[in-house]
$ cat start11.cif   # mmCIF, C-alpha atoms
data_my_file
#
loop_
_atom_site.label_atom_id
_atom_site.label_comp_id
_atom_site.auth_asym_id
_atom_site.auth_seq_id
_atom_site.Cartn_x
_atom_site.Cartn_y
_atom_site.Cartn_z
CA MET W 1 -43.04 14.51 35.76
CA TYR W 2 -41.24 12.87 32.93
CA ASN W 3 -38.01 11.09 33.54
CA PHE W 4 -34.90 11.43 31.42
CA LEU W 5 -35.52 8.31 29.35
CA GLN W 6 -39.03 9.39 28.45
CA ARG W 7 -37.81 12.78 27.32
CA LEU W 8 -35.03 11.19 25.30
CA GLY W 9 -37.51 8.80 23.72
CA GLY W 10 -39.86 11.59 22.78
CA ILE W 11 -37.14 13.72 21.26
CA THR W 12 -35.69 10.80 19.32
CA SER W 13 -38.98 9.70 17.83
CA PHE W 14 -39.86 13.25 16.83
CA ALA W 15 -36.43 13.72 15.29
CA MET W 16 -36.77 10.50 13.31
CA SER W 17 -40.19 11.46 11.96
CA THR W 18 -39.01 14.92 10.98
CA LEU W 19 -35.91 13.49 9.33
CA MET W 20 -37.96 11.05 7.29
CA ALA W 21 -40.39 13.74 6.19
CA LEU W 22 -37.47 15.96 5.20
CA LEU W 23 -35.87 13.16 3.17
CA VAL W 24 -39.14 12.55 1.32
CA VAL W 25 -39.48 16.25 0.47
CA ILE W 26 -35.87 16.41 -0.74
CA SER W 27 -36.30 13.27 -2.83
CA LEU W 28 -39.43 14.58 -4.50
CA THR W 29 -38.13 18.05 -5.29
CA THR W 30 -34.59 17.35 -6.50
CA PRO W 31 -35.50 16.23 -10.03
CA PHE W 32 -37.25 19.54 -10.58
CA LEU W 33 -34.30 21.76 -9.80
CA PRO W 34 -33.51 23.75 -12.94
CA SER W 35 -30.54 22.76 -15.02
CA ASN W 36 -29.27 23.86 -18.37
CA PRO W 37 -26.74 21.45 -19.79
CA THR W 38 -25.32 21.85 -23.26
CA HIS W 39 -24.15 18.88 -25.18
CA GLU W 40 -22.83 17.93 -28.58
CA VAL W 41 -21.57 14.61 -29.84
CA THR W 42 -19.80 14.23 -33.18
CA LEU W 43 -19.04 10.91 -34.72
CA HIS W 44 -15.87 10.65 -36.74
CA ASP W 45 -15.35 7.16 -37.81
CA VAL W 46 -16.72 3.66 -37.48
CA ARG W 47 -14.61 0.68 -38.35
CA THR W 48 -15.59 -2.95 -38.04
CA THR W 49 -13.19 -5.81 -37.71
CA THR W 50 -13.57 -9.43 -36.90
CA GLY W 51 -12.27 -11.30 -33.93
CA ARG W 52 -11.09 -8.25 -32.08
CA MET W 53 -11.51 -9.61 -28.63
CA VAL W 54 -10.88 -13.12 -27.51
CA ASP W 55 -12.92 -13.91 -24.45
CA PRO W 56 -12.20 -17.33 -23.02
CA ALA W 57 -15.71 -17.53 -21.62
CA ASP W 58 -17.35 -16.78 -24.96
CA ARG W 59 -16.77 -19.22 -27.79
CA THR W 60 -18.18 -16.86 -30.40
CA SER W 61 -15.86 -13.97 -29.65
CA ARG W 62 -13.06 -15.04 -31.93
CA THR W 63 -15.13 -14.86 -35.08
CA SER W 64 -17.58 -12.07 -34.21
CA GLU W 65 -17.64 -8.61 -35.67
CA TYR W 66 -16.56 -5.76 -33.45
CA ALA W 67 -17.11 -2.09 -34.29
CA ARG W 68 -14.65 0.56 -33.23
CA LEU W 69 -15.93 4.12 -33.12
CA THR W 70 -14.13 7.44 -32.86
CA PHE W 71 -16.14 10.32 -31.53
CA ASP W 72 -15.95 13.78 -29.98
CA VAL W 73 -18.01 15.02 -27.10
CA ASP W 74 -18.51 18.66 -26.18
CA ALA W 75 -20.68 19.13 -23.13
CA ASP W 76 -21.11 21.58 -20.31
CA LEU W 77 -22.84 19.79 -17.49
CA THR W 78 -21.96 22.17 -14.67
CA SER W 79 -25.55 23.37 -14.32
CA MET W 80 -26.61 19.85 -13.45
CA PHE W 81 -24.67 20.02 -10.20
CA ASN W 82 -27.07 21.12 -7.47
CA TRP W 83 -26.69 20.74 -3.72
CA ASN W 84 -28.07 17.22 -3.87
CA THR W 85 -25.83 15.87 -6.62
CA LYS W 86 -23.30 13.27 -5.56
CA LEU W 87 -22.05 12.52 -9.04
CA LEU W 88 -23.10 12.48 -12.67
CA PHE W 89 -22.90 9.28 -14.61
CA ALA W 90 -22.49 10.11 -18.28
CA TYR W 91 -22.70 7.31 -20.82
CA ILE W 92 -23.08 6.94 -24.56
CA THR W 93 -25.18 4.14 -25.96
CA ALA W 94 -25.45 2.74 -29.43
CA ASP W 95 -29.10 1.90 -30.17
CA TYR W 96 -30.09 -0.13 -33.17
CA GLU W 97 -32.55 -2.68 -34.53
CA SER W 98 -31.47 -6.00 -35.85
CA PRO W 99 -33.24 -9.00 -37.36
CA GLY W 100 -35.19 -10.76 -34.64
CA PHE W 101 -34.46 -8.07 -32.09
CA ASP W 102 -36.59 -4.95 -31.66
CA THR W 103 -34.25 -2.97 -29.47
CA ASN W 104 -30.57 -3.30 -28.89
CA ARG W 105 -28.87 -0.82 -26.63
CA VAL W 106 -25.23 -1.13 -25.81
CA VAL W 107 -23.21 1.23 -23.64
CA ILE W 108 -19.99 1.97 -25.44
CA TRP W 109 -18.53 4.62 -23.17
CA ASP W 110 -19.18 5.91 -19.69
CA ARG W 111 -17.61 8.30 -17.25
CA ILE W 112 -18.23 9.28 -13.65
CA ILE W 113 -18.15 13.03 -13.11
CA ARG W 114 -17.64 13.98 -9.51
CA THR W 115 -16.92 17.70 -9.46
CA LYS W 116 -18.05 20.77 -11.34
CA ARG W 117 -14.62 21.13 -12.89
CA GLN W 118 -14.82 17.68 -14.42
CA ALA W 119 -18.27 18.49 -15.76
CA LYS W 120 -16.94 20.44 -18.72
CA LEU W 121 -16.38 17.59 -21.13
CA ARG W 122 -14.14 18.15 -24.06
CA LEU W 123 -13.25 14.82 -25.58
CA ARG W 124 -11.51 14.58 -28.90
CA LYS W 125 -11.30 11.43 -30.98
CA HIS W 126 -12.23 9.10 -28.17
CA HIS W 127 -12.65 5.41 -28.78
CA ASN W 128 -15.39 3.31 -27.34
CA LYS W 129 -14.48 2.02 -23.91
CA TYR W 130 -16.50 -1.14 -24.28
CA PHE W 131 -16.57 -3.49 -27.21
CA LEU W 132 -19.47 -2.95 -29.55
CA ARG W 133 -20.68 -6.24 -30.91
CA ASN W 134 -24.09 -7.48 -31.78
CA TYR W 135 -25.91 -10.24 -29.95
CA ALA W 136 -25.51 -12.23 -33.16
CA LYS W 137 -22.05 -12.69 -34.58
CA THR W 138 -22.29 -10.06 -37.27
CA PHE W 139 -23.83 -6.66 -37.84
CA ASP W 140 -25.88 -8.05 -40.68
CA GLY W 141 -29.24 -6.36 -40.98
CA VAL W 142 -28.55 -3.74 -38.35
CA ALA W 143 -30.67 -0.66 -39.02
CA ASN W 144 -31.76 2.65 -37.51
CA ALA W 145 -28.67 2.98 -35.41
CA ASN W 146 -27.88 6.06 -33.41
CA LEU W 147 -25.55 7.18 -30.66
CA THR W 148 -27.19 8.77 -27.62
CA LEU W 149 -25.55 10.56 -24.75
CA HIS W 150 -27.30 10.01 -21.40
CA ILE W 151 -26.69 11.63 -18.06
CA ASN W 152 -27.75 9.90 -14.86
CA PRO W 153 -27.45 12.22 -11.88
CA VAL W 154 -26.99 10.31 -8.62
CA PRO W 155 -28.20 12.38 -5.66
CA TYR W 156 -26.89 12.23 -2.12
CA VAL W 157 -30.33 11.07 -1.13
CA GLY W 158 -33.42 10.66 -3.22
CA ILE W 159 -34.87 9.45 -6.44
CA MET W 160 -32.80 8.28 -9.39
CA TYR W 161 -33.65 9.52 -12.86
CA ASP W 162 -32.06 9.56 -16.26
CA LYS W 163 -31.73 12.36 -18.80
CA PRO W 164 -31.13 11.25 -22.34
CA MET W 165 -29.65 13.95 -24.44
CA VAL W 166 -28.60 14.29 -28.00
CA ALA W 167 -28.98 11.37 -30.41
CA ILE W 168 -26.93 11.28 -33.58
CA PRO W 169 -27.26 8.76 -36.38
CA LEU W 170 -24.76 6.00 -36.72
CA THR W 171 -23.97 3.52 -39.45
CA ILE W 172 -22.19 0.34 -38.60
CA PRO W 173 -20.54 -1.13 -41.65
CA ARG W 174 -20.01 -4.81 -42.17
CA ALA W 175 -16.48 -6.00 -41.74
CA GLU W 176 -14.30 -6.34 -44.78
CA LYS W 177 -13.97 -9.83 -46.08
CA ALA W 178 -13.43 -11.81 -42.94
CA ARG W 179 -10.78 -14.42 -42.75
CA ALA W 180 -12.50 -17.76 -43.05
CA MET O 1 -42.02 -13.62 39.60
CA GLU O 2 -43.24 -10.11 39.22
CA PHE O 3 -44.66 -11.03 35.83
CA LEU O 4 -46.68 -13.94 37.25
CA SER O 5 -48.18 -11.88 40.06
CA GLN O 6 -49.14 -9.14 37.61
CA ALA O 7 -50.73 -11.77 35.40
CA LYS O 8 -52.83 -13.15 38.23
CA LYS O 9 -53.98 -9.62 39.05
CA PHE O 10 -55.18 -8.80 35.55
CA GLY O 11 -56.51 -12.13 34.55
CA VAL O 12 -56.05 -14.34 31.57
CA ARG O 13 -58.26 -12.20 29.34
CA SER O 14 -56.00 -9.19 29.62
CA LEU O 15 -52.97 -11.31 28.85
CA LEU O 16 -54.62 -12.65 25.75
CA LEU O 17 -55.57 -9.14 24.70
CA GLN O 18 -51.99 -8.00 25.01
CA GLY O 19 -50.87 -10.99 22.99
CA LEU O 20 -53.44 -10.18 20.34
CA THR O 21 -52.35 -6.55 20.11
CA PHE O 22 -48.76 -7.66 19.74
CA LEU O 23 -49.69 -10.13 17.01
CA SER O 24 -51.76 -7.58 15.13
CA VAL O 25 -48.80 -5.17 15.09
CA LEU O 26 -46.60 -7.91 13.72
CA THR O 27 -49.07 -8.96 11.06
CA SER O 28 -49.78 -5.40 9.91
CA ALA O 29 -46.06 -4.89 9.43
CA PHE O 30 -45.94 -8.13 7.48
CA MET O 31 -48.95 -7.11 5.37
CA ILE O 32 -47.41 -3.74 4.55
CA TRP O 33 -44.22 -5.45 3.46
CA LYS O 34 -46.01 -7.98 1.28
CA GLY O 35 -48.31 -5.33 -0.14
CA LEU O 36 -45.28 -3.29 -1.12
CA SER O 37 -43.79 -6.39 -2.74
CA LEU O 38 -46.95 -6.86 -4.78
CA PHE O 39 -47.12 -3.21 -5.81
CA THR O 40 -43.54 -3.11 -6.97
CA ASN O 41 -43.61 -6.67 -8.39
CA SER O 42 -40.39 -7.29 -6.54
CA GLU O 43 -39.63 -10.00 -4.02
CA SER O 44 -37.65 -7.59 -1.86
CA PRO O 45 -38.44 -3.93 -2.46
CA VAL O 46 -35.94 -2.63 0.09
CA VAL O 47 -32.36 -3.90 0.05
CA VAL O 48 -29.08 -2.91 1.64
CA VAL O 49 -25.95 -2.56 -0.49
CA LEU O 50 -23.42 -5.17 0.62
CA SER O 51 -20.37 -4.51 -1.55
CA GLY O 52 -18.44 -1.53 -2.79
CA SER O 53 -18.68 -2.44 -6.44
CA MET O 54 -20.91 0.53 -7.26
CA LYS O 55 -18.77 3.17 -5.60
CA PRO O 56 -18.81 6.14 -5.66
CA ALA O 57 -22.52 6.08 -6.39
CA TYR O 58 -23.54 3.51 -3.79
CA ASP O 59 -21.48 2.43 -0.84
CA ARG O 60 -21.86 -0.39 1.65
CA GLY O 61 -24.77 0.28 3.94
CA ASP O 62 -26.95 2.30 1.58
CA ILE O 63 -30.62 1.39 1.59
CA LEU O 64 -32.10 1.05 -1.89
CA PHE O 65 -35.79 1.28 -2.77
CA LEU O 66 -36.61 -0.92 -5.70
CA HIS O 67 -39.47 -0.94 -8.13
CA ASN O 68 -39.64 -3.75 -10.61
CA GLY O 69 -42.89 -3.25 -12.42
CA PHE O 70 -43.55 -5.09 -15.67
CA SER O 71 -41.90 -2.90 -18.28
CA PRO O 72 -38.68 -3.91 -20.05
CA ILE O 73 -35.37 -2.98 -18.52
CA GLU O 74 -33.59 0.01 -20.06
CA VAL O 75 -29.85 0.34 -20.48
CA GLY O 76 -28.17 2.53 -17.89
CA GLU O 77 -30.60 1.60 -15.15
CA VAL O 78 -29.14 0.36 -11.91
CA VAL O 79 -30.77 -2.96 -11.10
CA VAL O 80 -30.61 -5.52 -8.34
CA TYR O 81 -30.54 -9.06 -9.64
CA LYS O 82 -30.31 -12.46 -8.10
CA LEU O 83 -29.02 -15.31 -10.20
CA ASN O 84 -31.19 -18.39 -10.17
CA ASP O 85 -28.78 -20.50 -8.21
CA LYS O 86 -26.99 -17.97 -6.09
CA PRO O 87 -28.37 -16.61 -2.81
CA ILE O 88 -26.90 -13.10 -2.86
CA PRO O 89 -28.51 -10.21 -4.72
CA ILE O 90 -26.16 -7.92 -6.63
CA VAL O 91 -26.57 -4.23 -7.40
CA HIS O 92 -25.03 -3.25 -10.73
CA ARG O 93 -25.76 -1.12 -13.79
CA VAL O 94 -27.17 -2.55 -17.01
CA MET O 95 -24.69 -2.14 -19.86
CA LYS O 96 -26.33 -4.03 -22.71
CA VAL O 97 -29.92 -4.79 -23.55
CA HIS O 98 -31.06 -6.93 -26.46
CA THR O 99 -34.82 -7.38 -26.74
CA GLU O 100 -36.20 -10.11 -28.97
CA SER O 101 -39.07 -9.05 -31.22
CA GLU O 102 -41.23 -12.13 -31.00
CA SER O 103 -41.04 -13.20 -27.41
CA GLY O 104 -40.06 -9.91 -25.80
CA GLU O 105 -37.30 -11.84 -24.05
CA GLN O 106 -34.51 -9.57 -22.88
CA TYR O 107 -30.82 -10.40 -22.75
CA LEU O 108 -29.04 -8.17 -20.25
CA LEU O 109 -25.42 -7.65 -19.33
CA THR O 110 -24.50 -5.82 -16.14
CA LYS O 111 -21.35 -4.27 -14.73
CA GLY O 112 -20.49 -2.57 -11.48
CA ASP O 113 -19.34 1.02 -11.85
CA ASN O 114 -16.29 0.33 -9.71
CA ASN O 115 -15.37 -2.89 -11.53
CA ASN O 116 -13.21 -3.01 -14.60
CA ALA O 117 -14.80 -6.07 -16.13
CA ASP O 118 -18.44 -6.84 -16.75
CA ASP O 119 -20.33 -9.33 -14.64
CA ARG O 120 -19.88 -12.41 -16.81
CA GLY O 121 -17.44 -13.68 -14.22
CA LEU O 122 -20.20 -13.53 -11.63
CA TYR O 123 -22.85 -15.26 -13.66
CA ASN O 124 -23.39 -18.99 -13.61
CA PRO O 125 -20.81 -20.92 -15.64
CA GLY O 126 -21.68 -20.66 -19.30
CA GLN O 127 -24.22 -17.90 -18.71
CA MET O 128 -23.56 -14.91 -20.97
CA TRP O 129 -26.68 -12.87 -20.26
CA ILE O 130 -29.21 -12.50 -17.52
CA GLN O 131 -32.96 -12.59 -18.06
CA ARG O 132 -35.73 -10.25 -17.00
CA ASN O 133 -37.00 -12.67 -14.39
CA GLU O 134 -33.67 -12.68 -12.57
CA ILE O 135 -34.03 -8.96 -11.90
CA ILE O 136 -35.46 -8.20 -8.48
CA GLY O 137 -35.99 -4.52 -9.22
CA ARG O 138 -34.57 -1.27 -10.53
CA VAL O 139 -33.20 1.22 -8.05
CA LYS O 140 -35.61 4.10 -7.81
CA GLY O 141 -34.44 5.84 -4.67
CA PHE O 142 -31.91 5.45 -1.94
CA VAL O 143 -30.86 6.68 1.46
CA PRO O 144 -27.12 6.67 2.17
CA TYR O 145 -25.66 4.61 5.03
CA ALA O 146 -29.05 4.04 6.66
CA GLY O 147 -28.54 0.28 6.51
CA MET O 148 -25.19 0.12 8.29
CA GLY O 149 -26.92 -1.56 11.23
CA THR O 150 -27.78 -4.56 9.07
CA ILE O 151 -24.22 -4.79 7.84
CA TRP O 152 -22.80 -4.66 11.36
CA MET O 153 -25.18 -7.37 12.48
CA ASN O 154 -24.11 -9.54 9.55
CA ASP O 155 -20.44 -9.01 10.10
CA TYR O 156 -20.49 -9.36 13.86
CA PRO O 157 -23.18 -11.91 14.74
CA TYR O 158 -22.69 -11.45 18.45
CA LEU O 159 -24.17 -7.96 18.04
CA LYS O 160 -27.51 -9.56 17.28
CA SER O 161 -27.52 -11.46 20.58
CA VAL O 162 -26.37 -8.36 22.44
CA LEU O 163 -29.22 -6.34 20.92
CA LEU O 164 -31.84 -9.00 21.65
CA GLY O 165 -30.53 -9.41 25.18
CA THR O 166 -30.67 -5.66 25.85
CA LEU O 167 -34.24 -5.48 24.51
CA CYS O 168 -35.37 -8.36 26.73
CA VAL O 169 -33.78 -6.86 29.81
CA LEU O 170 -35.28 -3.43 29.12
CA SER O 171 -38.76 -4.84 28.55
CA LEU O 172 -38.64 -6.82 31.81
CA PHE O 173 -37.71 -3.79 33.80
CA SER O 174 -40.07 -1.27 32.23
CA ASN O 175 -43.32 -0.40 33.92
CA ASP O 176 -45.63 -1.17 31.07
#
$ encode --input "start11.cif" --output "structure tokens"
Amino acid sequence: MYNFLQRLGGITSFAMSTLMALLVVISLTTPFLPSNPTHEVTLHDVRTTTGRMVDPADRTSRTSEYARLTFDVDADLTSMFNWNTKLLFAYITADYESPGFDTNRVVIWDRIIRTKRQAKLRLRKHHNKYFLRNYAKTFDGVANANLTLHINPVPYVGIMYDKPMVAIPLTIPRAEKARA
Amino acid sequence: MEFLSQAKKFGVRSLLLQGLTFLSVLTSAFMIWKGLSLFTNSESPVVVVLSGSMKPAYDRGDILFLHNGFSPIEVGEVVVYKLNDKPIPIVHRVMKVHTESESGEQYLLTKGDNNNADDRGLYNPGQMWIQRNEIIGRVKGFVPYAGMGTIWMNDYPYLKSVLLGTLCVLSLFSND
């Protein structure tokens, strides 16, 4: 009645359709899986110096102001690991307003968390991984700054979403009298 | 020979009808693709990851579904961007966003998760930031390794000819 190739074709096309439908259902339901992460970020210290980093591609780097932060993070993200979690991307951003610029958001630290064991974060007196400098050369006029911890779960398959967590206020001081 | 005798049996009209059906399938596929591009405001709403610079999140061969939209880019989003003069799109995460008040112009800096340095080395010489219009889309969803076929065909071009050849041979020998 039906030859082998026809049967194979029918099975394959049905399998593909079912697989695609399954992937869509998984993608749509994963963000709604319950999770209960706890998080706490404490800021210790912010220090600003000038000319911290010399970047040969950036002529302004030698005389720009760079802020160096020291912070603690206490977080328990194990409940965010469900069966569809490949990894968690945790990052801390410094958000602020500055003259001429409505929003400035700079990632100062990030970490990839791959297992449940690594998901219990207990960082003490960490420094920012990435240099914090303003688009302009100084932090003059920078206001309403805060530090926010975000978690971006990356699923094995599905939709990407971001969970911002705690936001704590931050003050970025101007550098001490800069060398001329 | 068999094809010509079949054609004479069915007549020119039936041949034209078959051609028309074939063309309408092609054009509907094209319309769906372009409609998706319009809806997502992205020139290429489905891309395949070519490099390993976003490991372990995205590996070579992953298919990414992009949605650009019109809203400003947020920090932490994974975006695909194509520099104005370079032909290859790059999938990386946005590390810095500075949005101007007056013009709404955004200055973005990106970095691959698996890279140590940010992307300034990849930008055009003298370019410190990328603009909103260089972003093709933000990654909204993905399917792992589903695009490995595209990567194999890029890396081994003879595979393309082999595939085309097999399809031609199969279609000649099938009954319909």
$ interface_residues --input "start11.cif" --of "chain O" --to "chain W" --cutoff "7 Å" --atoms "all atoms listed in the file" --output "list in words"
Ala57, Val75, Met95, Lys96, Val97, His98, Thr99, Glu100, Ser101, Lys140, Gly141, Phe142, Val143 and Pro144 of chain O
$ resolve_selection --input "start11.cif" --expression "the PyMOL selection byres ((chain O and resi 115-121) around 12)" --output "ChimeraX atom specification"
/W:55-58,107,110,129-131 /O:51-56,81,83,90-96,108-114,122-130
$ closest_residue --input "start11.cif" --among "O:Leu20, O:Leu66, O:Val48, O:Leu38" --to "O:Ile88" --atoms "all atoms listed in the file"
O:Val48
$ closest_residue --input "start11.cif" --among "O:Lys82, O:Arg138, O:Lys160, O:Arg13" --to "O:Asn68" --atoms "only C-alpha atoms"
O:Arg138
$ atom_distance --input "start11.cif" --atom1 "atom CA of W:Val41" --atom2 "atom CA of W:Met165"
9.7 Å
$ atom_distance --input "start11.cif" --atom1 "atom CA of O:Arg60" --atom2 "atom CA of O:Ala146"
9.8 Å
